[in-house]
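Inspection log for the structure reproduced underneath, given as structure tokens.
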Amino acid sequence: MISTNKITKIFCSIDDFCKVFEPALKQRTLTRGENKRNRAFKMSTSEILTITVVFHLSGHRTFKHFYLYYVQEHLQKEFPDTVSYNRFVELMQANMLPLTLYMKTCCLGACTGISFVDSTPIRACKNKRIKNNRVFQGIATIGKSTMGWFYGFKLHIVVNDKGELLDFIITQANVDDRTPIKQDNFLKKIFGSLYADKGYLSKELAELLFDQGLHL
């Protein structure tokens with residue numbers, strides 16, 4: 001299990017980020033027309049993001065068990081004002097934007113000259129429920145991976161030979177794996193050799209990346 005010292009270190013890093021970016025985020029957040037008052041939350045954004053990050057480092061298989069039986073029982077000193085599980089899930093979903101910005105600005109590694117790119121499906125629901133799914137209706141699409149057809153999105157990631165995350169992007173499921181790496185922003189900090197599976201290989205893409213200093 002992750003130590004409390006590590007949790008404190010993660011919280012301090014996230015809190016420093018929130019002090020800089022949260023005011024800017026609030027200015028750009030759309031408020032509902034019928035309710036323009038600022039609602040004070042019991043838990044801070046830094047606490048919400050810290051718990052979200054720690055879950056993925058904890059080894060717990062389900063977030064509900066992690067939150068109810070670890071955070072609320074064993075981390076009361078670190079998080080004294082926890083909310084109910086259902087309420088925290090709502091807050092966690094509402095704070096995906098600052099979490100993504102934190103990962104993009106504070107958590108990426110450095111390119112070593114040896115990089116790997118791949119994609120993985122993010123399923124919105126099981127295939128038999130596609131017609132009834134309304135959560136991502138009009139946004140999610142049907143795509144195909146090595147595991148078969150799925151409905152949802154794709155997560156594209158680039159890592160170095162140390163396993164450090166260099167960049168990531170989420171696309172619709174029907175987007176070709178090669179499309180994101182044709183964009184300058186996705187590989188702008190990558191150089192040297194880029195390794196990928198056969199689905200990425202094409203003469204056109206190899207020549208395009210070679211002109212950018214990358215050997216596919």
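Each chain in the structure tokens gets a letter, A, B and so on, in the order shown; residues start at 1 in every chain, and ligands are counted from 1 in the order they appear.
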
* Asked: Can you list every residue in range 8-208 of chain A that DSSP puts in strand (DSSP E), as a PyMOL selection string?
  -> chain A and resi 114-123+141-145+148-160+165-172+192-195

Output N, CA, C and O atoms for every residue in that selection, as a compact mmCIF listing (two decimals), in the first residue's frame.
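This is the output file result30.txt:
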# COMPACT_ATOMS: atom_id res chain seq x y z
N ILE A 114 14.21 6.78 -27.49
CA ILE A 114 13.55 5.51 -27.74
C ILE A 114 12.14 5.62 -27.18
O ILE A 114 11.94 5.71 -25.96
N SER A 115 11.15 5.60 -28.06
CA SER A 115 9.75 5.79 -27.64
C SER A 115 8.85 4.72 -28.23
O SER A 115 9.18 4.11 -29.25
N PHE A 116 7.72 4.50 -27.58
CA PHE A 116 6.74 3.50 -28.01
C PHE A 116 5.37 4.14 -28.06
O PHE A 116 5.00 4.86 -27.14
N VAL A 117 4.61 3.86 -29.10
CA VAL A 117 3.26 4.40 -29.24
C VAL A 117 2.28 3.26 -29.40
O VAL A 117 2.58 2.25 -30.05
N ASP A 118 1.12 3.39 -28.80
CA ASP A 118 0.08 2.38 -28.92
C ASP A 118 -1.25 3.00 -28.52
O ASP A 118 -1.30 4.11 -27.99
N SER A 119 -2.32 2.26 -28.76
CA SER A 119 -3.66 2.73 -28.38
C SER A 119 -4.39 1.61 -27.66
O SER A 119 -4.06 0.43 -27.81
N THR A 120 -5.38 1.99 -26.88
CA THR A 120 -6.20 1.01 -26.17
C THR A 120 -7.65 1.50 -26.17
O THR A 120 -7.90 2.71 -26.10
N PRO A 121 -8.61 0.60 -26.27
CA PRO A 121 -10.02 1.02 -26.30
C PRO A 121 -10.53 1.47 -24.93
O PRO A 121 -10.13 0.92 -23.91
N ILE A 122 -11.37 2.47 -24.94
CA ILE A 122 -12.11 2.90 -23.74
C ILE A 122 -13.58 2.64 -24.04
O ILE A 122 -14.21 3.41 -24.77
N ARG A 123 -14.11 1.58 -23.50
CA ARG A 123 -15.48 1.18 -23.81
C ARG A 123 -16.49 1.97 -23.00
O ARG A 123 -16.38 2.06 -21.78
N THR A 141 -18.25 6.44 -30.71
CA THR A 141 -18.44 5.77 -32.00
C THR A 141 -18.03 4.30 -31.87
O THR A 141 -17.50 3.88 -30.85
N ILE A 142 -18.30 3.55 -32.93
CA ILE A 142 -17.92 2.14 -32.96
C ILE A 142 -16.59 1.99 -33.68
O ILE A 142 -16.38 2.54 -34.75
N GLY A 143 -15.67 1.28 -33.04
CA GLY A 143 -14.35 1.05 -33.62
C GLY A 143 -13.93 -0.39 -33.43
O GLY A 143 -14.65 -1.19 -32.83
N LYS A 144 -12.74 -0.70 -33.91
CA LYS A 144 -12.25 -2.06 -33.81
C LYS A 144 -10.82 -2.06 -33.29
O LYS A 144 -9.99 -1.26 -33.72
N SER A 145 -10.55 -2.95 -32.35
CA SER A 145 -9.20 -3.14 -31.82
C SER A 145 -8.80 -4.60 -32.03
O SER A 145 -9.53 -5.37 -32.66
N GLY A 148 -11.43 -6.98 -30.93
CA GLY A 148 -12.73 -6.98 -31.58
C GLY A 148 -13.39 -5.61 -31.59
O GLY A 148 -12.79 -4.60 -31.25
N TRP A 149 -14.67 -5.59 -31.97
CA TRP A 149 -15.42 -4.35 -32.07
C TRP A 149 -15.80 -3.83 -30.68
O TRP A 149 -16.03 -4.60 -29.75
N PHE A 150 -15.87 -2.50 -30.55
CA PHE A 150 -16.26 -1.89 -29.28
C PHE A 150 -16.88 -0.52 -29.56
O PHE A 150 -16.72 0.05 -30.64
N TYR A 151 -17.58 -0.01 -28.55
CA TYR A 151 -18.26 1.29 -28.65
C TYR A 151 -17.67 2.22 -27.60
O TYR A 151 -17.68 1.92 -26.40
N GLY A 152 -17.13 3.36 -28.04
CA GLY A 152 -16.56 4.30 -27.08
C GLY A 152 -15.50 5.17 -27.69
O GLY A 152 -15.73 5.86 -28.69
N PHE A 153 -14.29 5.09 -27.12
CA PHE A 153 -13.21 5.98 -27.51
C PHE A 153 -11.89 5.19 -27.57
O PHE A 153 -11.84 4.03 -27.19
N LYS A 154 -10.83 5.87 -28.01
CA LYS A 154 -9.49 5.30 -27.99
C LYS A 154 -8.56 6.20 -27.20
O LYS A 154 -8.61 7.43 -27.34
N LEU A 155 -7.72 5.58 -26.40
CA LEU A 155 -6.67 6.30 -25.69
C LEU A 155 -5.35 6.00 -26.39
O LEU A 155 -4.93 4.85 -26.46
N HIS A 156 -4.71 7.03 -26.91
CA HIS A 156 -3.42 6.89 -27.59
C HIS A 156 -2.33 7.42 -26.66
O HIS A 156 -2.45 8.55 -26.15
N ILE A 157 -1.30 6.64 -26.43
CA ILE A 157 -0.23 7.07 -25.52
C ILE A 157 1.14 6.85 -26.15
O ILE A 157 1.33 5.99 -27.00
N VAL A 158 2.10 7.66 -25.71
CA VAL A 158 3.50 7.51 -26.08
C VAL A 158 4.30 7.44 -24.78
O VAL A 158 4.13 8.27 -23.89
N VAL A 159 5.15 6.43 -24.68
CA VAL A 159 6.01 6.26 -23.50
C VAL A 159 7.46 6.12 -23.94
O VAL A 159 7.74 5.77 -25.09
N ASN A 160 8.40 6.37 -23.02
CA ASN A 160 9.80 6.15 -23.33
C ASN A 160 10.23 4.76 -22.86
O ASN A 160 9.42 3.99 -22.36
N LEU A 165 5.34 8.20 -19.15
CA LEU A 165 4.37 8.73 -20.10
C LEU A 165 4.91 10.02 -20.72
O LEU A 165 5.32 10.93 -20.00
N LEU A 166 4.93 10.07 -22.04
CA LEU A 166 5.41 11.25 -22.75
C LEU A 166 4.28 12.13 -23.26
O LEU A 166 4.40 13.34 -23.30
N ASP A 167 3.17 11.52 -23.64
CA ASP A 167 1.99 12.27 -24.06
C ASP A 167 0.83 11.31 -24.25
O ASP A 167 1.02 10.09 -24.35
N PHE A 168 -0.38 11.86 -24.30
CA PHE A 168 -1.58 11.04 -24.50
C PHE A 168 -2.66 11.88 -25.13
O PHE A 168 -2.66 13.11 -25.02
N ILE A 169 -3.58 11.22 -25.79
CA ILE A 169 -4.71 11.90 -26.42
C ILE A 169 -5.87 10.92 -26.53
O ILE A 169 -5.65 9.71 -26.70
N ILE A 170 -7.09 11.41 -26.41
CA ILE A 170 -8.29 10.57 -26.52
C ILE A 170 -9.02 10.96 -27.80
O ILE A 170 -9.26 12.14 -28.06
N THR A 171 -9.38 9.94 -28.59
CA THR A 171 -10.12 10.17 -29.83
C THR A 171 -11.37 9.28 -29.84
O THR A 171 -11.54 8.43 -28.97
N GLN A 172 -12.21 9.47 -30.83
CA GLN A 172 -13.34 8.57 -31.02
C GLN A 172 -12.83 7.20 -31.45
O GLN A 172 -11.72 7.06 -31.99
N GLY A 192 14.29 10.64 -32.30
CA GLY A 192 14.97 9.35 -32.31
C GLY A 192 14.13 8.27 -32.95
O GLY A 192 13.58 8.44 -34.04
N SER A 193 14.00 7.13 -32.26
CA SER A 193 13.27 5.97 -32.79
C SER A 193 11.90 5.85 -32.12
O SER A 193 11.79 5.97 -30.90
N LEU A 194 10.88 5.61 -32.94
CA LEU A 194 9.52 5.43 -32.45
C LEU A 194 9.06 4.03 -32.85
O LEU A 194 8.98 3.71 -34.03
N TYR A 195 8.75 3.20 -31.86
CA TYR A 195 8.34 1.82 -32.11
C TYR A 195 6.82 1.69 -32.00
O TYR A 195 6.21 2.27 -31.10

* To do: Find the residue from A:Cys107, A:Val83, A:Ile181, A:Leu208 that sits nearest to Lys42 in chain A; use only C-alpha atoms when measuring.
  => A:Val83

* With only C-alpha atoms as the basis for distance, which of A:Ser13, A:Thr4, A:Ser44, A:Gln137 is at the shortest distance from His74 in chain A? ->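 Among the listed residues, the smallest separation from His74 in chain A belongs to A:Thr4.
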
* Nearest to Lys19 in chain A, chosen from A:Phe88, A:Phe210, A:Phe191, A:Tyr102, with only C-alpha atoms counted in the distances ->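 With only C-alpha atoms as the atom set, the closest residue is A:Tyr102.
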